[in-house]
Amino acid sequence: MNTIDITKTISMALSEVMTSEGIVKNKQAEYIRNIIGISSVQAHRKLNGTVPWDIKQLEKMLLSLNNSLSNFFLKVERNEYQKVQAKLLINGVNSNCLIYLSNEANSETAVAAVKINNDWKIISTTEIKKNIEIYNGYKSIKLIEPLTNASLKKKTSLVILDDDINIVEFLTKELNTYEIDIEGYTKLDELNKKILNSPAEIYILDWLIGTTTVFNSIRKIRESQKPNALIIVLTGQCGDVVDSEILTAIKEYDISSPLEKPVRLPILKHYLDRYLEAK
């Protein structure tokens, strides 16, 4: 990995730590500026990964975020690998775990991961070689983390307000490695009832429902029992023309910059991956 790649990886990991501590994306450059005493321009460059981090600056940032350099660099290392949920067979019992997969296929390790019927399983490399005609390939495992029953039961709630059913179907399939509940709504009153009774951690909202915007619903989210929820707005008004009410919502309610419709689903998944992996 070259210096530019390392800088970007560190910046992305630091952004995820800030997000996990409740500092939303559009406030992170300001946070960096205030903590290490640099200009706004320099802070944005640090956040975007175009300027390297001095180790003392990084340590000061992490101290303010109740983190350590050792834990942080472990996170940086893990960001280089694909994380999936898998089954580990121990004494005849399948246990749930998270595994970090290397991009280097077929490397010589004691155990490896194979995907069977859309589920990842951990199997000894020797066993895989005996049945190589059955499996189309396998991945080496860099790290295995056990999942407790408590962590398995704790699910993240994601609410989608949009009349495009493809978004719900796509995310249900693509986010199946996370412990997540996805609910889709098409009406504002249904959304507002959800916010009042059982607020979610993540919202993906079409900005305009009929002739009404979701501005008031966003305000309700920020006043709910989960005021730090991630809010992603979808709109056809990006580019040179952005609704002034959206700009107000970005400024006053810390929503993410809007994504243009029709939304590119892989980009939406990328946003969610970064947030969920930081939790």
# chains A, B, ... in the order shown; residues from 1 in each chain; ligands from 1
call {"tool": "residues_around", "arguments": {"residues": "Leu272 of chain A", "least_positions_apart": "2", "cutoff": "12 Å", "atoms": "only C-alpha atoms", "output": "PyMOL selection string"}}
result
chain A and resi 16+19+156+158+171+174-175+178+180+201-204+230-232+256+265-270+274-279
call {"tool": "write_last_selection", "arguments": {"atoms": "N, CA and C atoms", "output": "mmCIF file, in the first residue's frame"}}
result
data_model
loop_
_atom_site.group_PDB
_atom_site.id
_atom_site.type_symbol
_atom_site.label_atom_id
_atom_site.label_comp_id
_atom_site.auth_asym_id
_atom_site.auth_seq_id
_atom_site.Cartn_x
_atom_site.Cartn_y
_atom_site.Cartn_z
ATOM 1 N N GLU A 16 -14.924 7.241 10.760
ATOM 2 C CA GLU A 16 -15.837 6.248 11.313
ATOM 3 C C GLU A 16 -15.851 6.303 12.841
ATOM 4 N N THR A 19 -17.929 9.286 13.749
ATOM 5 C CA THR A 19 -19.344 8.972 13.548
ATOM 6 C C THR A 19 -19.878 8.144 14.703
ATOM 7 N N THR A 156 -29.768 -3.220 14.392
ATOM 8 C CA THR A 156 -29.913 -1.834 13.975
ATOM 9 C C THR A 156 -31.182 -1.700 13.151
ATOM 10 N N LEU A 158 -33.376 0.222 10.386
ATOM 11 C CA LEU A 158 -33.251 1.099 9.219
ATOM 12 C C LEU A 158 -34.638 1.313 8.622
ATOM 13 N N LEU A 171 -31.243 -3.374 -0.476
ATOM 14 C CA LEU A 171 -30.553 -3.265 0.811
ATOM 15 C C LEU A 171 -30.801 -4.484 1.691
ATOM 16 N N GLU A 174 -28.238 -6.876 0.206
ATOM 17 C CA GLU A 174 -26.834 -6.484 0.278
ATOM 18 C C GLU A 174 -26.325 -6.262 1.702
ATOM 19 N N LEU A 175 -27.234 -6.016 2.654
ATOM 20 C CA LEU A 175 -26.810 -5.766 4.033
ATOM 21 C C LEU A 175 -27.063 -6.964 4.934
ATOM 22 N N TYR A 178 -25.061 -7.876 8.194
ATOM 23 C CA TYR A 178 -25.233 -7.099 9.420
ATOM 24 C C TYR A 178 -26.495 -7.562 10.154
ATOM 25 N N ILE A 180 -29.534 -6.316 11.160
ATOM 26 C CA ILE A 180 -30.282 -5.108 10.813
ATOM 27 C C ILE A 180 -31.723 -5.441 10.454
ATOM 28 N N GLU A 201 -32.296 3.893 14.005
ATOM 29 C CA GLU A 201 -30.931 4.434 14.001
ATOM 30 C C GLU A 201 -30.567 5.040 12.656
ATOM 31 N N ILE A 202 -31.250 4.581 11.587
ATOM 32 C CA ILE A 202 -30.926 5.039 10.235
ATOM 33 C C ILE A 202 -32.228 5.330 9.487
ATOM 34 N N TYR A 203 -32.234 6.452 8.752
ATOM 35 C CA TYR A 203 -33.381 6.800 7.904
ATOM 36 C C TYR A 203 -32.880 7.130 6.494
ATOM 37 N N ILE A 204 -33.561 6.557 5.503
ATOM 38 C CA ILE A 204 -33.347 6.931 4.104
ATOM 39 C C ILE A 204 -34.675 7.498 3.614
ATOM 40 N N LEU A 230 -28.670 8.471 11.797
ATOM 41 C CA LEU A 230 -28.161 8.839 10.479
ATOM 42 C C LEU A 230 -29.350 9.103 9.558
ATOM 43 N N ILE A 231 -29.356 10.263 8.892
ATOM 44 C CA ILE A 231 -30.448 10.614 7.977
ATOM 45 C C ILE A 231 -29.868 10.859 6.593
ATOM 46 N N ILE A 232 -30.313 10.067 5.628
ATOM 47 C CA ILE A 232 -29.897 10.216 4.232
ATOM 48 C C ILE A 232 -31.117 10.632 3.428
ATOM 49 N N SER A 256 -27.067 14.219 6.201
ATOM 50 C CA SER A 256 -26.021 14.051 5.203
ATOM 51 C C SER A 256 -26.375 14.836 3.943
ATOM 52 N N LEU A 265 -27.633 2.645 -6.285
ATOM 53 C CA LEU A 265 -27.733 1.786 -5.107
ATOM 54 C C LEU A 265 -26.378 1.368 -4.533
ATOM 55 N N PRO A 266 -25.342 1.083 -5.343
ATOM 56 C CA PRO A 266 -24.034 0.749 -4.753
ATOM 57 C C PRO A 266 -23.450 1.897 -3.928
ATOM 58 N N ILE A 267 -23.696 3.146 -4.355
ATOM 59 C CA ILE A 267 -23.214 4.294 -3.583
ATOM 60 C C ILE A 267 -23.956 4.368 -2.250
ATOM 61 N N LEU A 268 -25.261 4.140 -2.274
ATOM 62 C CA LEU A 268 -26.050 4.134 -1.046
ATOM 63 C C LEU A 268 -25.540 3.057 -0.099
ATOM 64 N N LYS A 269 -25.241 1.879 -0.630
ATOM 65 C CA LYS A 269 -24.714 0.791 0.203
ATOM 66 C C LYS A 269 -23.371 1.186 0.807
ATOM 67 N N HIS A 270 -22.532 1.882 0.042
ATOM 68 C CA HIS A 270 -21.232 2.312 0.544
ATOM 69 C C HIS A 270 -21.391 3.219 1.762
ATOM 70 N N ARG A 274 -20.103 2.040 5.681
ATOM 71 C CA ARG A 274 -19.182 2.812 6.515
ATOM 72 C C ARG A 274 -19.800 3.124 7.873
ATOM 73 N N TYR A 275 -21.077 3.448 7.879
ATOM 74 C CA TYR A 275 -21.744 3.747 9.140
ATOM 75 C C TYR A 275 -21.875 2.501 10.013
ATOM 76 N N LEU A 276 -22.333 1.392 9.417
ATOM 77 C CA LEU A 276 -22.575 0.170 10.190
ATOM 78 C C LEU A 276 -21.293 -0.442 10.718
ATOM 79 N N GLU A 277 -20.214 -0.354 9.945
ATOM 80 C CA GLU A 277 -18.953 -0.924 10.391
ATOM 81 C C GLU A 277 -18.323 -0.100 11.501
ATOM 82 N N ALA A 278 -18.739 1.172 11.610
ATOM 83 C CA ALA A 278 -18.211 2.033 12.674
ATOM 84 C C ALA A 278 -18.959 1.839 13.994
ATOM 85 N N LYS A 279 -20.109 1.148 13.945
ATOM 86 C CA LYS A 279 -20.924 0.988 15.157
ATOM 87 C C LYS A 279 -20.285 0.002 16.113
#
call {"tool": "select_by_dssp", "arguments": {"residues": "segment 30-101 of chain A", "states": "helix (DSSP H, G or I)", "output": "compact mmCIF listing (two decimals) with all heavy atoms, in the first residue's frame"}}
result
# COMPACT_ATOMS: atom_id res chain seq x y z
N GLU A 30 -14.78 20.48 11.15
CA GLU A 30 -14.79 21.50 12.20
C GLU A 30 -14.23 20.93 13.51
O GLU A 30 -13.48 21.60 14.23
CB GLU A 30 -16.21 22.02 12.41
CG GLU A 30 -16.35 23.08 13.49
CD GLU A 30 -17.79 23.52 13.71
OE1 GLU A 30 -18.65 23.14 12.90
OE2 GLU A 30 -18.04 24.24 14.70
N TYR A 31 -14.60 19.68 13.80
CA TYR A 31 -14.10 19.03 15.01
C TYR A 31 -12.58 18.87 14.95
O TYR A 31 -11.87 19.15 15.92
CB TYR A 31 -14.77 17.67 15.18
CG TYR A 31 -14.42 16.95 16.47
CD1 TYR A 31 -15.09 17.25 17.65
CD2 TYR A 31 -13.41 16.00 16.50
CE1 TYR A 31 -14.77 16.61 18.85
CE2 TYR A 31 -13.07 15.36 17.69
CZ TYR A 31 -13.76 15.66 18.85
OH TYR A 31 -13.43 15.03 20.02
N ILE A 32 -12.08 18.42 13.80
CA ILE A 32 -10.63 18.26 13.61
C ILE A 32 -9.92 19.60 13.80
O ILE A 32 -8.90 19.71 14.49
CB ILE A 32 -10.33 17.69 12.21
CG1 ILE A 32 -10.83 16.25 12.10
CG2 ILE A 32 -8.82 17.75 11.91
CD1 ILE A 32 -10.79 15.69 10.70
N ARG A 33 -10.48 20.65 13.20
CA ARG A 33 -9.89 21.99 13.30
C ARG A 33 -9.79 22.43 14.75
O ARG A 33 -8.74 22.94 15.20
CB ARG A 33 -10.76 22.98 12.52
CG ARG A 33 -10.21 24.42 12.51
CD ARG A 33 -11.28 25.39 12.08
NE ARG A 33 -12.33 25.48 13.10
CZ ARG A 33 -13.49 26.10 12.92
NH1 ARG A 33 -13.77 26.65 11.76
NH2 ARG A 33 -14.39 26.15 13.89
N ASN A 34 -10.84 22.21 15.52
CA ASN A 34 -10.85 22.65 16.91
C ASN A 34 -9.91 21.84 17.81
O ASN A 34 -9.30 22.39 18.73
CB ASN A 34 -12.27 22.59 17.48
CG ASN A 34 -13.21 23.59 16.82
OD1 ASN A 34 -12.76 24.60 16.30
ND2 ASN A 34 -14.50 23.30 16.84
N ILE A 35 -9.79 20.55 17.54
CA ILE A 35 -8.98 19.68 18.42
C ILE A 35 -7.50 19.87 18.18
O ILE A 35 -6.71 20.00 19.14
CB ILE A 35 -9.36 18.20 18.23
CG1 ILE A 35 -10.79 17.94 18.72
CG2 ILE A 35 -8.38 17.28 18.98
CD1 ILE A 35 -11.01 18.22 20.20
N ILE A 36 -7.06 19.92 16.92
CA ILE A 36 -5.61 20.00 16.68
C ILE A 36 -5.14 21.38 16.25
O ILE A 36 -3.95 21.59 15.97
CB ILE A 36 -5.14 18.93 15.67
CG1 ILE A 36 -5.80 19.15 14.29
CG2 ILE A 36 -5.45 17.54 16.18
CD1 ILE A 36 -5.29 18.15 13.25
N SER A 40 -9.46 25.60 8.59
CA SER A 40 -10.58 24.82 8.05
C SER A 40 -10.18 24.08 6.78
O SER A 40 -10.56 22.93 6.57
CB SER A 40 -11.77 25.75 7.76
OG SER A 40 -12.28 26.29 8.95
N VAL A 41 -9.38 24.75 5.93
CA VAL A 41 -8.93 24.12 4.68
C VAL A 41 -8.07 22.90 4.99
O VAL A 41 -8.25 21.82 4.41
CB VAL A 41 -8.14 25.13 3.81
CG1 VAL A 41 -7.51 24.42 2.61
CG2 VAL A 41 -9.05 26.25 3.34
N GLN A 42 -7.13 23.04 5.93
CA GLN A 42 -6.27 21.91 6.31
C GLN A 42 -7.10 20.78 6.93
O GLN A 42 -6.83 19.60 6.67
CB GLN A 42 -5.22 22.38 7.31
CG GLN A 42 -4.14 23.26 6.70
CD GLN A 42 -3.18 23.78 7.76
OE1 GLN A 42 -3.59 24.24 8.83
NE2 GLN A 42 -1.89 23.71 7.47
N ALA A 43 -8.11 21.15 7.72
CA ALA A 43 -8.95 20.13 8.36
C ALA A 43 -9.71 19.32 7.32
O ALA A 43 -9.81 18.09 7.43
CB ALA A 43 -9.91 20.80 9.34
N HIS A 44 -10.24 19.99 6.29
CA HIS A 44 -10.95 19.28 5.22
C HIS A 44 -9.99 18.36 4.47
O HIS A 44 -10.37 17.24 4.09
CB HIS A 44 -11.60 20.27 4.27
CG HIS A 44 -12.92 20.81 4.74
ND1 HIS A 44 -14.08 20.06 4.72
CD2 HIS A 44 -13.26 22.01 5.29
CE1 HIS A 44 -15.07 20.77 5.22
NE2 HIS A 44 -14.61 21.96 5.57
N ARG A 45 -8.78 18.80 4.26
CA ARG A 45 -7.79 17.96 3.56
C ARG A 45 -7.42 16.74 4.39
O ARG A 45 -7.22 15.65 3.86
CB ARG A 45 -6.55 18.78 3.22
CG ARG A 45 -6.80 19.80 2.10
CD ARG A 45 -5.59 20.67 1.86
NE ARG A 45 -5.82 21.59 0.75
CZ ARG A 45 -5.00 22.58 0.42
NH1 ARG A 45 -3.89 22.79 1.11
NH2 ARG A 45 -5.28 23.37 -0.62
N LYS A 46 -7.32 16.95 5.70
CA LYS A 46 -7.05 15.81 6.59
C LYS A 46 -8.20 14.81 6.52
O LYS A 46 -7.98 13.60 6.41
CB LYS A 46 -6.91 16.30 8.03
CG LYS A 46 -5.68 17.14 8.31
CD LYS A 46 -4.47 16.30 8.58
CE LYS A 46 -3.32 17.14 9.11
NZ LYS A 46 -2.07 16.35 9.23
N LEU A 47 -9.43 15.33 6.59
CA LEU A 47 -10.61 14.47 6.57
C LEU A 47 -10.73 13.71 5.26
O LEU A 47 -11.13 12.54 5.24
CB LEU A 47 -11.87 15.31 6.81
CG LEU A 47 -13.20 14.55 6.90
CD1 LEU A 47 -13.20 13.59 8.07
CD2 LEU A 47 -14.35 15.54 7.04
N ASN A 48 -10.37 14.34 4.15
CA ASN A 48 -10.47 13.71 2.83
C ASN A 48 -9.30 12.80 2.51
O ASN A 48 -9.30 12.12 1.48
CB ASN A 48 -10.59 14.78 1.75
CG ASN A 48 -11.87 15.57 1.84
OD1 ASN A 48 -12.87 15.05 2.34
ND2 ASN A 48 -11.87 16.82 1.40
N ILE A 55 1.65 11.81 13.74
CA ILE A 55 1.26 10.85 14.77
C ILE A 55 0.77 11.54 16.04
O ILE A 55 -0.15 11.08 16.71
CB ILE A 55 2.43 9.88 15.09
CG1 ILE A 55 1.94 8.69 15.93
CG2 ILE A 55 3.56 10.62 15.77
CD1 ILE A 55 1.02 7.78 15.19
N LYS A 56 1.36 12.70 16.36
CA LYS A 56 0.92 13.43 17.56
C LYS A 56 -0.47 14.04 17.35
O LYS A 56 -1.28 14.08 18.27
CB LYS A 56 1.94 14.52 17.91
CG LYS A 56 3.27 13.98 18.42
CD LYS A 56 4.13 15.08 18.99
CE LYS A 56 5.43 14.53 19.56
NZ LYS A 56 5.20 13.62 20.69
N GLN A 57 -0.75 14.51 16.14
CA GLN A 57 -2.09 15.02 15.83
C GLN A 57 -3.12 13.90 15.94
O GLN A 57 -4.20 14.07 16.51
CB GLN A 57 -2.12 15.62 14.43
CG GLN A 57 -1.32 16.88 14.25
CD GLN A 57 -1.33 17.36 12.81
OE1 GLN A 57 -1.49 16.56 11.88
NE2 GLN A 57 -1.19 18.67 12.62
N LEU A 58 -2.77 12.75 15.39
CA LEU A 58 -3.68 11.61 15.41
C LEU A 58 -3.94 11.15 16.84
O LEU A 58 -5.08 10.86 17.23
CB LEU A 58 -3.10 10.46 14.58
CG LEU A 58 -3.99 9.25 14.33
CD1 LEU A 58 -5.28 9.66 13.64
CD2 LEU A 58 -3.24 8.22 13.49
N GLU A 59 -2.88 11.12 17.65
CA GLU A 59 -3.03 10.70 19.04
C GLU A 59 -3.92 11.68 19.81
O GLU A 59 -4.75 11.27 20.63
CB GLU A 59 -1.65 10.62 19.70
CG GLU A 59 -1.67 10.02 21.08
CD GLU A 59 -0.27 9.79 21.63
OE1 GLU A 59 0.66 10.51 21.21
OE2 GLU A 59 -0.11 8.90 22.48
N LYS A 60 -3.78 12.99 19.53
CA LYS A 60 -4.61 14.00 20.18
C LYS A 60 -6.07 13.84 19.79
O LYS A 60 -6.97 13.96 20.64
CB LYS A 60 -4.09 15.39 19.80
CG LYS A 60 -4.68 16.52 20.64
CD LYS A 60 -3.99 17.85 20.35
CE LYS A 60 -4.53 18.95 21.25
NZ LYS A 60 -3.85 20.24 20.99
N MET A 61 -6.31 13.56 18.51
CA MET A 61 -7.68 13.32 18.05
C MET A 61 -8.29 12.13 18.75
O MET A 61 -9.42 12.18 19.26
CB MET A 61 -7.68 13.09 16.54
CG MET A 61 -7.53 14.34 15.69
SD MET A 61 -9.00 15.42 15.78
CE MET A 61 -10.27 14.31 15.19
N LEU A 62 -7.55 11.03 18.81
CA LEU A 62 -8.07 9.80 19.39
C LEU A 62 -8.31 9.94 20.89
O LEU A 62 -9.28 9.39 21.42
CB LEU A 62 -7.11 8.64 19.11
CG LEU A 62 -7.01 8.24 17.64
CD1 LEU A 62 -5.85 7.30 17.42
CD2 LEU A 62 -8.31 7.60 17.17
N LEU A 63 -7.44 10.68 21.57
CA LEU A 63 -7.63 10.92 23.00
C LEU A 63 -8.95 11.66 23.24
O LEU A 63 -9.68 11.34 24.18
CB LEU A 63 -6.46 11.74 23.54
CG LEU A 63 -6.48 12.02 25.06
CD1 LEU A 63 -6.40 10.70 25.85
CD2 LEU A 63 -5.32 12.93 25.44
N SER A 64 -9.26 12.63 22.37
CA SER A 64 -10.52 13.37 22.51
C SER A 64 -11.73 12.50 22.24
O SER A 64 -12.85 12.82 22.64
CB SER A 64 -10.52 14.58 21.56
OG SER A 64 -10.73 14.18 20.21
N LEU A 69 -4.28 4.67 20.22
CA LEU A 69 -3.60 4.42 18.95
C LEU A 69 -3.62 2.94 18.60
O LEU A 69 -3.83 2.57 17.44
CB LEU A 69 -2.15 4.92 19.00
CG LEU A 69 -1.93 6.42 18.77
CD1 LEU A 69 -0.46 6.77 19.01
CD2 LEU A 69 -2.32 6.81 17.35
N SER A 70 -3.41 2.08 19.59
CA SER A 70 -3.36 0.64 19.30
C SER A 70 -4.70 0.13 18.79
O SER A 70 -4.76 -0.60 17.80
CB SER A 70 -2.94 -0.14 20.56
OG SER A 70 -3.83 0.13 21.63
N ASN A 71 -5.80 0.54 19.46
CA ASN A 71 -7.13 0.12 18.99
C ASN A 71 -7.45 0.70 17.62
O ASN A 71 -8.07 0.05 16.78
CB ASN A 71 -8.21 0.56 19.99
CG ASN A 71 -8.21 -0.27 21.25
OD1 ASN A 71 -7.69 -1.38 21.26
ND2 ASN A 71 -8.75 0.27 22.32
N PHE A 72 -7.01 1.94 17.42
CA PHE A 72 -7.30 2.60 16.15
C PHE A 72 -6.60 1.89 15.00
O PHE A 72 -7.21 1.64 13.95
CB PHE A 72 -6.87 4.06 16.20
CG PHE A 72 -7.07 4.79 14.91
CD1 PHE A 72 -8.33 5.18 14.49
CD2 PHE A 72 -5.99 5.08 14.08
CE1 PHE A 72 -8.53 5.84 13.29
CE2 PHE A 72 -6.17 5.75 12.87
CZ PHE A 72 -7.44 6.13 12.48
N PHE A 73 -5.33 1.57 15.16
CA PHE A 73 -4.60 0.94 14.05
C PHE A 73 -5.07 -0.49 13.81
O PHE A 73 -4.95 -1.01 12.70
CB PHE A 73 -3.09 1.01 14.29
CG PHE A 73 -2.51 2.35 13.94
CD1 PHE A 73 -2.01 3.19 14.90
CD2 PHE A 73 -2.52 2.79 12.61
CE1 PHE A 73 -1.50 4.44 14.57
CE2 PHE A 73 -2.00 4.03 12.27
CZ PHE A 73 -1.50 4.86 13.25
N LEU A 74 -5.61 -1.12 14.86
CA LEU A 74 -6.25 -2.43 14.64
C LEU A 74 -7.47 -2.24 13.74
O LEU A 74 -7.73 -3.04 12.84
CB LEU A 74 -6.66 -3.04 15.97
CG LEU A 74 -7.36 -4.41 15.89
CD1 LEU A 74 -6.45 -5.44 15.23
CD2 LEU A 74 -7.75 -4.88 17.30
N LYS A 75 -8.22 -1.15 13.96
CA LYS A 75 -9.39 -0.84 13.13
C LYS A 75 -8.96 -0.55 11.70
O LYS A 75 -9.60 -1.00 10.75
CB LYS A 75 -10.14 0.37 13.71
CG LYS A 75 -11.37 0.78 12.92
CD LYS A 75 -12.07 1.96 13.57
CE LYS A 75 -13.32 2.32 12.81
NZ LYS A 75 -14.33 1.26 12.80
N VAL A 76 -7.85 0.20 11.54
CA VAL A 76 -7.33 0.50 10.19
C VAL A 76 -7.00 -0.79 9.47
O VAL A 76 -7.33 -0.97 8.29
CB VAL A 76 -6.10 1.41 10.28
CG1 VAL A 76 -5.41 1.52 8.92
CG2 VAL A 76 -6.49 2.80 10.77
N GLU A 77 -6.36 -1.70 10.19
CA GLU A 77 -5.99 -2.97 9.57
C GLU A 77 -7.23 -3.76 9.15
O GLU A 77 -7.30 -4.33 8.06
CB GLU A 77 -5.16 -3.81 10.54
CG GLU A 77 -4.71 -5.15 9.96
CD GLU A 77 -3.89 -5.96 10.94
OE1 GLU A 77 -3.73 -5.53 12.10
OE2 GLU A 77 -3.44 -7.05 10.55
N ARG A 78 -8.24 -3.76 10.02
CA ARG A 78 -9.46 -4.51 9.72
C ARG A 78 -10.21 -3.92 8.54
O ARG A 78 -10.90 -4.64 7.81
CB ARG A 78 -10.37 -4.55 10.95
CG ARG A 78 -9.84 -5.42 12.07
CD ARG A 78 -10.71 -5.33 13.31
NE ARG A 78 -10.19 -6.19 14.36
CZ ARG A 78 -10.70 -6.26 15.57
NH1 ARG A 78 -11.75 -5.54 15.89
NH2 ARG A 78 -10.16 -7.06 16.48
call {"tool": "residues_around", "arguments": {"residues": "Arg219 of chain A", "least_positions_apart": "5", "cutoff": "10 Å", "atoms": "only C-alpha atoms", "output": "JSON list (two decimals) with N, CA and C atoms, in the first residue's frame"}}
result
[["chain", "number", "residue", "atom", "x", "y", "z"],
["A", 214, "VAL", "N", -40.12, 16.19, 3.68],
["A", 214, "VAL", "CA", -39.92, 15.47, 4.94],
["A", 214, "VAL", "C", -39.24, 16.35, 5.98],
["A", 224, "SER", "N", -36.61, 13.02, 18.77],
["A", 224, "SER", "CA", -37.06, 11.70, 19.21],
["A", 224, "SER", "C", -36.10, 11.11, 20.25],
["A", 227, "PRO", "N", -31.98, 10.88, 18.76],
["A", 227, "PRO", "CA", -31.75, 12.12, 18.02],
["A", 227, "PRO", "C", -30.50, 12.11, 17.14],
["A", 249, "ALA", "N", -32.15, 22.08, 6.38],
["A", 249, "ALA", "CA", -32.12, 20.81, 7.10],
["A", 249, "ALA", "C", -30.68, 20.35, 7.32],
["A", 252, "GLU", "N", -29.29, 22.87, 10.10],
["A", 252, "GLU", "CA", -29.92, 22.86, 11.43],
["A", 252, "GLU", "C", -30.06, 21.46, 12.03],
["A", 253, "TYR", "N", -30.19, 20.44, 11.17],
["A", 253, "TYR", "CA", -30.49, 19.10, 11.69],
["A", 253, "TYR", "C", -29.43, 18.06, 11.34]]
call {"tool": "atom_distance", "arguments": {"atom1": "atom CA of Ile165 of chain A", "atom2": "atom CA of Ile209 of chain A"}}
result
14.7 Å
call {"tool": "atom_distance", "arguments": {"atom1": "atom CA of Pro262 of chain A", "atom2": "atom CA of Phe215 of chain A"}}
result
20.0 Å
